[in-house]
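Data from upload-v6.cif: mmCIF, C-alpha atoms
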data_work
#
loop_
_atom_site.label_atom_id
_atom_site.label_comp_id
_atom_site.auth_asym_id
_atom_site.auth_seq_id
_atom_site.Cartn_x
_atom_site.Cartn_y
_atom_site.Cartn_z
CA MET A 10 33.36 86.25 1.04
CA LYS A 11 32.98 89.79 2.34
CA PHE A 12 36.20 90.90 0.62
CA PHE A 13 35.11 89.59 -2.78
CA ILE A 14 31.63 91.11 -2.42
CA ASP A 15 33.12 94.48 -1.48
CA GLN A 16 35.38 94.29 -4.54
CA GLY A 17 32.40 93.66 -6.82
CA PHE A 18 33.49 90.23 -8.02
CA PHE A 19 29.99 88.77 -7.64
CA LYS A 20 27.88 91.61 -9.05
CA ASN A 21 26.41 89.35 -11.76
CA ASP A 22 26.30 86.15 -9.73
CA VAL A 23 23.87 84.42 -7.40
CA ILE A 24 25.33 83.24 -4.10
CA ILE A 25 23.54 80.80 -1.81
CA ALA A 26 24.91 80.96 1.74
CA SER A 27 23.60 78.79 4.56
CA GLY A 28 24.16 78.79 8.28
CA SER A 29 22.64 77.78 11.59
CA VAL A 30 20.40 79.98 13.73
CA SER A 31 22.99 79.82 16.51
CA MET A 32 25.30 81.90 14.29
CA TYR A 33 22.73 84.69 14.36
CA ALA A 34 22.22 84.30 18.09
CA LYS A 35 25.97 84.64 18.60
CA ARG A 36 26.17 87.55 16.12
CA GLU A 37 28.71 85.75 13.95
CA VAL A 38 26.90 86.52 10.69
CA GLU A 39 27.77 89.29 8.22
CA THR A 40 24.49 90.47 6.65
CA PHE A 41 26.11 92.63 3.91
CA PRO A 42 23.82 95.67 4.24
CA GLY A 43 23.66 97.61 1.00
CA ARG A 44 25.54 94.88 -0.88
CA ARG A 45 22.85 92.22 -1.27
CA GLY A 46 21.29 93.21 -4.58
CA ARG A 47 17.97 91.39 -4.80
CA GLY A 48 19.04 88.90 -2.15
CA ARG A 49 16.50 87.39 0.22
CA ASP A 50 16.61 85.58 3.53
CA TYR A 51 14.91 82.19 3.73
CA VAL A 52 14.09 80.47 7.02
CA LEU A 53 13.71 76.71 6.67
CA TYR A 54 10.89 75.82 9.05
CA PRO A 55 9.64 72.28 9.61
CA LEU A 56 7.15 71.25 6.92
CA SER A 57 3.82 73.04 7.13
CA PHE A 58 0.63 71.06 7.45
CA ALA A 59 -0.23 71.86 3.82
CA ALA A 60 3.10 70.40 2.64
CA PHE A 61 2.56 67.38 4.91
CA ALA A 62 -0.91 66.78 3.45
CA LYS A 63 0.40 67.02 -0.12
CA LEU A 64 3.04 64.40 0.65
CA ALA A 65 0.24 62.23 2.03
CA GLY A 66 -1.59 62.37 -1.30
CA VAL A 67 -3.86 65.40 -1.14
CA PRO A 68 -3.47 67.12 -4.54
CA GLU A 69 -2.04 70.62 -4.62
CA GLY A 70 -4.83 73.10 -5.18
CA ALA A 71 -7.49 70.63 -4.06
CA ASP A 72 -10.74 72.01 -2.65
CA PRO A 73 -10.25 71.64 1.14
CA ALA A 74 -14.00 71.11 1.68
CA ALA A 75 -13.95 68.10 -0.64
CA TRP A 76 -11.07 66.61 1.35
CA ARG A 77 -12.36 67.62 4.79
CA SER A 78 -12.40 64.18 6.44
CA LYS A 79 -9.01 63.19 5.01
CA LEU A 80 -7.45 66.50 6.02
CA ALA A 81 -8.83 66.15 9.56
CA GLU A 82 -7.32 62.66 9.78
CA LEU A 83 -3.98 63.97 8.52
CA LEU A 84 -4.00 66.92 10.93
CA GLU A 85 -4.40 64.54 13.86
CA LEU A 86 -1.36 62.67 12.55
CA TYR A 87 0.57 65.92 12.00
CA LEU A 88 -0.10 67.03 15.58
CA ASP A 89 1.69 63.89 16.71
CA CYS A 90 4.46 63.75 14.11
CA GLY A 91 5.23 67.37 13.25
CA GLY A 92 7.07 68.51 10.15
CA MET A 93 10.68 67.34 10.50
CA PRO A 94 11.66 65.16 7.51
CA THR A 95 12.60 62.01 9.46
CA SER A 96 9.37 62.15 11.43
CA VAL A 97 7.26 62.85 8.34
CA ILE A 98 8.72 59.83 6.55
CA SER A 99 8.17 57.63 9.59
CA CYS A 100 4.55 58.72 10.03
CA LEU A 101 3.57 58.55 6.38
CA THR A 102 5.02 55.04 6.05
CA GLY A 103 2.95 53.78 8.96
CA ARG A 104 5.65 53.64 11.63
CA GLY A 105 4.24 56.45 13.76
CA ALA A 106 6.02 59.27 15.56
CA ASP A 107 9.80 58.99 15.33
CA SER A 108 11.80 59.13 18.57
CA GLN A 109 14.91 59.79 16.45
CA THR A 110 13.39 63.18 15.58
CA TRP A 111 12.89 63.89 19.27
CA GLN A 112 16.59 63.23 19.84
CA ILE A 113 17.50 65.55 16.96
CA PHE A 114 15.61 68.39 18.63
CA ILE A 115 17.28 67.73 21.97
CA SER A 116 20.83 67.22 20.72
CA SER A 117 20.75 70.21 18.35
CA LEU A 118 19.45 72.48 21.12
CA SER A 119 22.11 71.18 23.53
CA PHE A 120 24.79 71.86 20.90
CA ASP A 121 23.56 75.41 20.29
CA LEU A 122 23.44 76.16 24.02
CA ALA A 123 26.98 74.88 24.51
CA ARG A 124 28.19 76.94 21.56
CA LEU A 125 26.50 80.04 22.95
CA GLY A 126 27.74 79.42 26.48
CA ARG A 127 24.19 79.33 27.90
CA SER A 128 22.86 77.19 30.71
CA GLU A 129 21.18 73.95 29.66
CA ALA A 130 19.78 73.63 33.19
CA TYR A 131 17.96 76.96 32.89
CA VAL A 132 16.55 75.96 29.50
CA LYS A 133 15.28 72.62 30.81
CA ARG A 134 13.58 74.31 33.75
CA LEU A 135 12.04 76.93 31.49
CA LEU A 136 10.77 74.40 28.94
CA LYS A 137 9.31 72.32 31.76
CA ALA A 138 7.40 75.39 32.97
CA VAL A 139 6.23 76.18 29.42
CA LEU A 140 4.92 72.64 28.96
CA ARG A 141 3.10 72.76 32.28
CA THR A 142 1.43 76.12 31.65
CA ALA A 143 0.61 75.87 27.92
CA PRO A 144 -1.52 77.18 26.34
CA SER A 145 -2.54 79.60 29.11
CA PRO A 146 -1.05 83.11 29.14
CA VAL A 147 1.72 83.40 31.71
CA SER A 148 3.64 86.35 33.12
CA LEU A 149 7.43 86.40 33.30
CA SER A 150 7.29 86.38 37.11
CA ALA A 151 4.93 83.39 37.20
CA LEU A 152 7.03 81.56 34.62
CA ALA A 153 10.24 82.22 36.59
CA LYS A 154 8.54 80.92 39.76
CA GLU A 155 7.27 77.80 37.99
CA ALA A 156 10.75 77.22 36.54
CA GLU A 157 12.45 77.86 39.90
CA LEU A 158 14.53 80.65 38.41
CA THR A 159 15.81 83.40 40.68
CA SER A 160 14.60 86.29 38.51
CA HIS A 161 12.05 87.11 35.84
CA LYS A 162 14.97 88.67 33.93
CA ILE A 163 16.47 85.20 33.47
CA ALA A 164 13.14 83.96 32.11
CA PHE A 165 12.99 86.96 29.75
CA THR A 166 16.53 86.38 28.48
CA TYR A 167 16.10 82.66 27.89
CA LEU A 168 12.66 82.99 26.29
CA ASN A 169 14.11 85.41 23.76
CA LEU A 170 17.07 83.09 23.20
CA LEU A 171 14.78 80.10 22.53
CA GLU A 172 12.66 82.21 20.22
CA GLY A 173 15.80 83.24 18.33
CA LEU A 174 16.70 79.55 17.99
CA TYR A 175 13.21 78.83 16.56
CA ILE A 176 12.27 76.58 19.46
CA LEU A 177 9.26 78.61 20.58
CA LYS A 178 7.05 81.53 19.62
CA GLN A 179 5.79 84.15 22.05
CA LEU A 180 2.38 85.74 21.49
CA PHE A 181 1.79 89.05 23.24
CA TRP A 182 -1.55 90.47 24.35
CA VAL A 183 -3.15 92.61 21.64
CA ASN A 184 -5.79 95.23 22.35
CA PRO A 185 -8.58 94.44 19.85
CA TYR A 186 -9.77 98.06 19.92
CA THR A 187 -6.41 99.63 19.00
CA LEU A 188 -4.48 96.59 17.67
CA GLU A 189 -1.53 97.56 19.87
CA GLU A 190 0.56 94.99 21.71
CA SER A 191 1.22 95.04 25.44
CA PHE A 192 4.54 93.52 26.50
CA LYS A 193 3.77 93.82 30.22
CA LYS A 194 0.75 91.52 30.22
CA PRO A 195 1.06 87.70 30.33
CA ARG A 196 2.14 86.09 27.09
CA LYS A 197 1.28 82.83 25.37
CA ILE A 198 4.18 80.55 24.52
CA HIS A 199 3.95 77.93 21.77
CA LEU A 200 6.57 75.46 20.54
CA GLN A 201 7.38 75.76 16.84
CA ASP A 202 6.69 72.14 15.83
CA PRO A 203 4.16 69.66 17.24
CA ALA A 204 6.81 66.96 17.74
CA MET A 205 8.76 69.31 20.01
CA TYR A 206 6.09 68.81 22.67
CA SER A 207 6.86 65.09 22.88
CA ALA A 208 10.62 65.58 22.52
CA PHE A 209 11.04 68.20 25.21
CA ALA A 210 8.48 66.61 27.53
CA ARG A 211 10.63 63.47 27.54
CA TRP A 212 13.78 65.57 28.04
CA VAL A 213 12.46 67.41 31.10
CA GLY A 214 10.40 64.56 32.55
CA VAL A 215 6.77 65.69 32.22
CA ASP A 216 3.75 64.40 30.32
CA PRO A 217 3.37 66.01 26.87
CA PRO A 218 0.38 68.31 26.37
CA GLY A 219 -2.62 66.95 24.50
CA ALA A 220 -4.00 67.62 21.03
CA GLU A 221 -5.80 70.86 21.95
CA VAL A 222 -2.54 72.52 23.02
CA ARG A 223 -0.75 71.33 19.89
CA LEU A 224 -3.61 72.38 17.63
CA GLU A 225 -3.63 75.94 18.96
CA ALA A 226 0.17 76.06 18.67
CA ALA A 227 0.07 74.79 15.08
CA VAL A 228 -2.42 77.45 14.01
CA ALA A 229 -0.49 80.21 15.79
CA THR A 230 2.98 79.24 14.54
CA HIS A 231 1.81 78.68 10.96
CA LEU A 232 0.30 82.17 10.87
CA ALA A 233 3.42 83.62 12.54
CA ARG A 234 5.51 82.52 9.56
CA LYS A 235 3.94 85.36 7.57
CA TYR A 236 2.18 87.71 9.98
CA ARG A 237 2.72 89.41 13.31
CA VAL A 238 0.41 87.56 15.67
CA GLY A 239 -0.80 87.97 19.24
CA TYR A 240 -3.75 86.96 21.41
CA TRP A 241 -6.45 88.60 23.54
CA ARG A 242 -8.03 87.61 26.82
CA ASP A 243 -10.39 89.64 28.99
CA GLY A 244 -13.09 87.35 30.30
CA ARG A 245 -13.36 85.97 26.77
CA GLU A 246 -10.39 84.91 24.65
CA ILE A 247 -9.18 84.99 21.07
CA ASP A 248 -6.30 82.50 20.73
CA VAL A 249 -4.64 84.20 17.75
CA ILE A 250 -5.01 87.78 16.52
CA ILE A 251 -3.50 89.02 13.25
CA PRO A 252 -3.47 92.81 13.70
CA GLU A 253 -2.73 93.73 10.08
CA LEU A 254 -5.74 91.70 8.92
CA LYS A 255 -7.96 92.72 11.86
CA ALA A 256 -8.72 89.02 12.12
CA GLY A 257 -8.63 86.39 14.83
CA ILE A 258 -8.89 82.65 15.41
CA GLU A 259 -10.35 80.81 18.39
CA VAL A 260 -9.34 77.14 18.32
CA LYS A 261 -11.66 74.41 19.61
CA ILE A 262 -10.71 70.75 19.64
CA GLY A 263 -14.43 69.90 19.58
CA ARG A 264 -17.40 71.68 18.08
CA ALA A 265 -16.83 75.29 17.07
CA GLY A 266 -19.24 78.21 17.24
CA ALA A 267 -19.90 80.95 14.74
CA GLY A 268 -17.24 83.41 15.89
CA GLY A 269 -17.92 87.11 16.29
CA ARG A 270 -16.32 90.50 16.66
CA VAL A 271 -14.45 92.28 19.44
CA GLY A 272 -13.50 95.86 18.69
CA LEU A 273 -11.78 95.96 15.31
CA VAL A 274 -11.14 92.21 15.25
CA LYS A 275 -13.48 89.83 13.48
CA TYR A 276 -12.74 86.32 14.68
CA ARG A 277 -13.80 82.83 13.71
CA GLU A 278 -13.89 79.62 15.69
CA LEU A 279 -12.19 76.53 14.25
CA SER A 280 -12.76 72.91 15.23
CA LEU A 281 -10.07 70.39 14.32
CA PRO A 282 -11.64 69.63 10.89
CA ASP A 283 -12.12 73.38 10.31
CA ALA A 284 -8.49 73.99 11.25
CA ALA A 285 -7.38 71.27 8.82
CA GLU A 286 -9.20 73.02 5.96
CA TYR A 287 -7.88 76.41 7.08
CA LEU A 288 -4.24 75.32 7.36
CA PHE A 289 -4.37 73.55 4.01
CA GLY A 290 -6.26 76.12 2.00
CA GLU A 291 -5.84 79.56 3.55
CA VAL A 292 -2.56 79.68 5.48
CA PRO A 293 0.58 80.27 3.35
#
Could you render the structure as structure tokens?
Amino acid sequence: MKFFIDQGFFKNDVIIASGSVSMYAKREVETFPGRRGRGRDYVLYPLSFAAFAKLAGVPEGADPAAWRSKLAELLELYLDCGGMPTSVISCLTGRGADSQTWQIFISSLSFDLARLGRSEAYVKRLLKAVLRTAPSPVSLSALAKEAELTSHKIAFTYLNLLEGLYILKQLFWVNPYTLEESFKKPRKIHLQDPAMYSAFARWVGVDPPGAEVRLEAAVATHLARKYRVGYWRDGREIDVIIPELKAGIEVKIGRAGAGGRVGLVKYRELSLPDAAEYLFGEVP
């Protein structure tokens, strides 16, 4: 492919090339810098909540407030089922969360680790620690200790690997007065799809986190598909900060307050029904 592109054979053509994330992690991908034309990269995430709700019958472009109770009901289902196609079909046809999807997550991760020559044992220990500590901020040293790893450097390396494989998302502490990130402070770690919590909890032998953990993760990871996101904690907490918008979200599984402002960041509090409206109507 590279030879033909360099020779100009495809200057008037559109080429669609696909590949797995492990190819990027292993640096096996040619990105063709300067030879892409108007080419774009597309990352195929699990279905968003908005896409899930539309498949469940909520019309595209519907007023979220008019569908508030239905959207809240669907978000509870989404937090159990996630956005993988097999799981979505199973949930929307009344069969509930699909254990086959859990196995897909586990087997695909195991395959990628074997291909990359990385330790599955380290990953299982690390995921176990992430599940036990979520959604609290955790330092690399504390995470390494919880995972029984010999060094925080191992935790650092494997966290970045799992983020590169789209298994998890790290949120770094953001100063609300300057909007700058701190990479030395504890970080929040969220899994990329709600069903991953059940899948990996079964894999490592712990109880899966509850709805509040999954709800915060869903809000954070949905926003991270478009924006750089972080969090803030200093006595009080803002679960998700979007520096470029000077905006923040505090997630509450129960009743939410009015929100407020810290420094440059204006934040709002979202209950589960609020989050359902927000994810359907405001998050891309």
Given the file shown, enumerate the residues that the PyMOL selection byres ((chain A and resi 283) around 12) captures and present them as a tab-separated table (two decimals) with C-alpha atoms, keeping the file's coordinate frame.
chain	number	residue	atom	x	y	z
A	73	PRO	CA	-10.25	71.64	1.14
A	74	ALA	CA	-14.00	71.11	1.68
A	76	TRP	CA	-11.07	66.61	1.35
A	77	ARG	CA	-12.36	67.62	4.79
A	78	SER	CA	-12.40	64.18	6.44
A	79	LYS	CA	-9.01	63.19	5.01
A	80	LEU	CA	-7.45	66.50	6.02
A	81	ALA	CA	-8.83	66.15	9.56
A	82	GLU	CA	-7.32	62.66	9.78
A	84	LEU	CA	-4.00	66.92	10.93
A	224	LEU	CA	-3.61	72.38	17.63
A	228	VAL	CA	-2.42	77.45	14.01
A	258	ILE	CA	-8.89	82.65	15.41
A	259	GLU	CA	-10.35	80.81	18.39
A	260	VAL	CA	-9.34	77.14	18.32
A	261	LYS	CA	-11.66	74.41	19.61
A	262	ILE	CA	-10.71	70.75	19.64
A	263	GLY	CA	-14.43	69.90	19.58
A	264	ARG	CA	-17.40	71.68	18.08
A	265	ALA	CA	-16.83	75.29	17.07
A	266	GLY	CA	-19.24	78.21	17.24
A	267	ALA	CA	-19.90	80.95	14.74
A	277	ARG	CA	-13.80	82.83	13.71
A	278	GLU	CA	-13.89	79.62	15.69
A	279	LEU	CA	-12.19	76.53	14.25
A	280	SER	CA	-12.76	72.91	15.23
A	281	LEU	CA	-10.07	70.39	14.32
A	282	PRO	CA	-11.64	69.63	10.89
A	284	ALA	CA	-8.49	73.99	11.25
A	285	ALA	CA	-7.38	71.27	8.82
A	286	GLU	CA	-9.20	73.02	5.96
A	287	TYR	CA	-7.88	76.41	7.08
A	288	LEU	CA	-4.24	75.32	7.36
A	289	PHE	CA	-4.37	73.55	4.01
A	290	GLY	CA	-6.26	76.12	2.00
A	291	GLU	CA	-5.84	79.56	3.55
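Going from atom CA of Pro217 of chain A over to atom CA of Phe120 of chain A, you cover 23.0 Å.
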Please determine the residues with any atom at most 6 Å from (-1.9, 92.3, 27.8) (coordinates as given in the file, with only C-alpha atoms counting) and report them as a PyMOL selection string. chain A and resi 182+191+194
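Our summary of the geometry notes that atom CA of Tyr167 of chain A is positioned 16.0 Å from atom CA of Val213 of chain A.
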Expand the PyMOL selection byres ((chain A and resi 148) around 12) into the individual residues it matches in the shown file, reporting them as an MDAnalysis selection string. chainID A and resid 138:139 142 145:147 149:155 161:162 164:165 168 179:182 191:198
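Here atom CA of Ala62 of chain A stands at a distance of 8.7 Å from atom CA of Tyr87 of chain A.
With only C-alpha atoms as the atoms that count, the residue of A:Trp241, A:Phe19, A:Tyr51, A:Tyr236 with the shortest distance to Glu189 of chain A is A:Trp241.
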Residues within 7 Å of segment 52-57 of chain A, only C-alpha atoms, excluding chain neighbours under 6 positions, as a PyMOL selection string: chain A and resi 92-93+202
Would you kindly return, as an mmCIF file with C-alpha atoms, in the coordinates of the input, each protein, DNA or RNA residue with an atom no farther than 8 Å from any atom of segment 96-113 of chain A, considering only C-alpha atoms and excluding same-chain residues fewer than 5 positions away?
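Contents of out18.cif, freshly written:
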data_model
loop_
_atom_site.group_PDB
_atom_site.id
_atom_site.type_symbol
_atom_site.label_atom_id
_atom_site.label_comp_id
_atom_site.auth_asym_id
_atom_site.auth_seq_id
_atom_site.Cartn_x
_atom_site.Cartn_y
_atom_site.Cartn_z
ATOM 1 C CA PHE A 61 2.560 67.380 4.910
ATOM 2 C CA ALA A 65 0.240 62.230 2.030
ATOM 3 C CA LEU A 86 -1.360 62.670 12.550
ATOM 4 C CA ASP A 89 1.690 63.890 16.710
ATOM 5 C CA CYS A 90 4.460 63.750 14.110
ATOM 6 C CA GLY A 91 5.230 67.370 13.250
ATOM 7 C CA ALA A 204 6.810 66.960 17.740
ATOM 8 C CA MET A 205 8.760 69.310 20.010
ATOM 9 C CA SER A 207 6.860 65.090 22.880
ATOM 10 C CA ALA A 208 10.620 65.580 22.520
ATOM 11 C CA PHE A 209 11.040 68.200 25.210
#
Centre and edge lengths, as JSON, for the axis-aligned box enclosing every listed atom of segment 231-237 of chain A with 6 Å of padding on each of the six sides, in Å to one decimal?
{"center_x": 2.9, "center_y": 84.0, "center_z": 10.4, "size_x": 17.2, "size_y": 22.7, "size_z": 17.7}
If the PyMOL selection byres ((chain A and resi 173-176) around 6) is run on the structure shown, which residues does it catch, given as a ChimeraX atom specification? /A:30,170-172,177,200-201
Could segment 90-110 of chain A be completed with N, CA and C atoms and written as a PDB file, in the frame of the given file, please?
ATOM      1  N   CYS A  90       3.188  63.962  14.806  1.00  0.00           N
ATOM      2  CA  CYS A  90       4.460  63.750  14.110  1.00  0.00           C
ATOM      3  C   CYS A  90       5.237  65.030  13.830  1.00  0.00           C
ATOM      4  N   GLY A  91       4.544  66.133  13.591  1.00  0.00           N
ATOM      5  CA  GLY A  91       5.230  67.370  13.250  1.00  0.00           C
ATOM      6  C   GLY A  91       5.738  67.367  11.808  1.00  0.00           C
ATOM      7  N   GLY A  92       6.645  68.310  11.526  1.00  0.00           N
ATOM      8  CA  GLY A  92       7.070  68.510  10.150  1.00  0.00           C
ATOM      9  C   GLY A  92       8.539  68.267   9.861  1.00  0.00           C
ATOM     10  N   MET A  93       9.284  67.668  10.795  1.00  0.00           N
ATOM     11  CA  MET A  93      10.680  67.340  10.500  1.00  0.00           C
ATOM     12  C   MET A  93      10.745  66.156   9.542  1.00  0.00           C
ATOM     13  N   PRO A  94      11.654  66.190   8.559  1.00  0.00           N
ATOM     14  CA  PRO A  94      11.660  65.160   7.510  1.00  0.00           C
ATOM     15  C   PRO A  94      11.682  63.723   8.011  1.00  0.00           C
ATOM     16  N   THR A  95      12.541  63.404   8.994  1.00  0.00           N
ATOM     17  CA  THR A  95      12.600  62.010   9.460  1.00  0.00           C
ATOM     18  C   THR A  95      11.285  61.576  10.081  1.00  0.00           C
ATOM     19  N   SER A  96      10.647  62.484  10.797  1.00  0.00           N
ATOM     20  CA  SER A  96       9.370  62.150  11.430  1.00  0.00           C
ATOM     21  C   SER A  96       8.260  62.032  10.394  1.00  0.00           C
ATOM     22  N   VAL A  97       8.264  62.910   9.394  1.00  0.00           N
ATOM     23  CA  VAL A  97       7.260  62.850   8.340  1.00  0.00           C
ATOM     24  C   VAL A  97       7.336  61.518   7.606  1.00  0.00           C
ATOM     25  N   ILE A  98       8.542  61.101   7.249  1.00  0.00           N
ATOM     26  CA  ILE A  98       8.720  59.830   6.550  1.00  0.00           C
ATOM     27  C   ILE A  98       8.228  58.668   7.409  1.00  0.00           C
ATOM     28  N   SER A  99       8.581  58.698   8.690  1.00  0.00           N
ATOM     29  CA  SER A  99       8.170  57.630   9.590  1.00  0.00           C
ATOM     30  C   SER A  99       6.655  57.562   9.710  1.00  0.00           C
ATOM     31  N   CYS A 100       6.008  58.704   9.847  1.00  0.00           N
ATOM     32  CA  CYS A 100       4.550  58.720  10.030  1.00  0.00           C
ATOM     33  C   CYS A 100       3.814  58.326   8.758  1.00  0.00           C
ATOM     34  N   LEU A 101       4.275  58.819   7.628  1.00  0.00           N
ATOM     35  CA  LEU A 101       3.570  58.550   6.380  1.00  0.00           C
ATOM     36  C   LEU A 101       3.842  57.157   5.831  1.00  0.00           C
ATOM     37  N   THR A 102       4.783  56.443   6.424  1.00  0.00           N
ATOM     38  CA  THR A 102       5.020  55.040   6.050  1.00  0.00           C
ATOM     39  C   THR A 102       4.480  54.093   7.106  1.00  0.00           C
ATOM     40  N   GLY A 103       3.660  54.627   8.017  1.00  0.00           N
ATOM     41  CA  GLY A 103       2.950  53.780   8.960  1.00  0.00           C
ATOM     42  C   GLY A 103       3.702  53.397  10.203  1.00  0.00           C
ATOM     43  N   ARG A 104       4.867  54.019  10.453  1.00  0.00           N
ATOM     44  CA  ARG A 104       5.650  53.640  11.630  1.00  0.00           C
ATOM     45  C   ARG A 104       5.417  54.551  12.830  1.00  0.00           C
ATOM     46  N   GLY A 105       4.589  55.574  12.653  1.00  0.00           N
ATOM     47  CA  GLY A 105       4.240  56.450  13.760  1.00  0.00           C
ATOM     48  C   GLY A 105       5.307  57.478  14.057  1.00  0.00           C
ATOM     49  N   ALA A 106       5.097  58.215  15.156  1.00  0.00           N
ATOM     50  CA  ALA A 106       6.020  59.270  15.560  1.00  0.00           C
ATOM     51  C   ALA A 106       7.421  58.705  15.777  1.00  0.00           C
ATOM     52  N   ASP A 107       8.409  59.471  15.362  1.00  0.00           N
ATOM     53  CA  ASP A 107       9.800  58.990  15.330  1.00  0.00           C
ATOM     54  C   ASP A 107      10.589  59.551  16.504  1.00  0.00           C
ATOM     55  N   SER A 108      11.019  58.678  17.412  1.00  0.00           N
ATOM     56  CA  SER A 108      11.800  59.130  18.570  1.00  0.00           C
ATOM     57  C   SER A 108      13.170  59.662  18.141  1.00  0.00           C
ATOM     58  N   GLN A 109      13.641  59.259  16.954  1.00  0.00           N
ATOM     59  CA  GLN A 109      14.910  59.790  16.450  1.00  0.00           C
ATOM     60  C   GLN A 109      14.797  61.299  16.230  1.00  0.00           C
ATOM     61  N   THR A 110      13.617  61.749  15.763  1.00  0.00           N
ATOM     62  CA  THR A 110      13.390  63.180  15.580  1.00  0.00           C
ATOM     63  C   THR A 110      13.430  63.901  16.911  1.00  0.00           C
TER      64      THR A 110
END
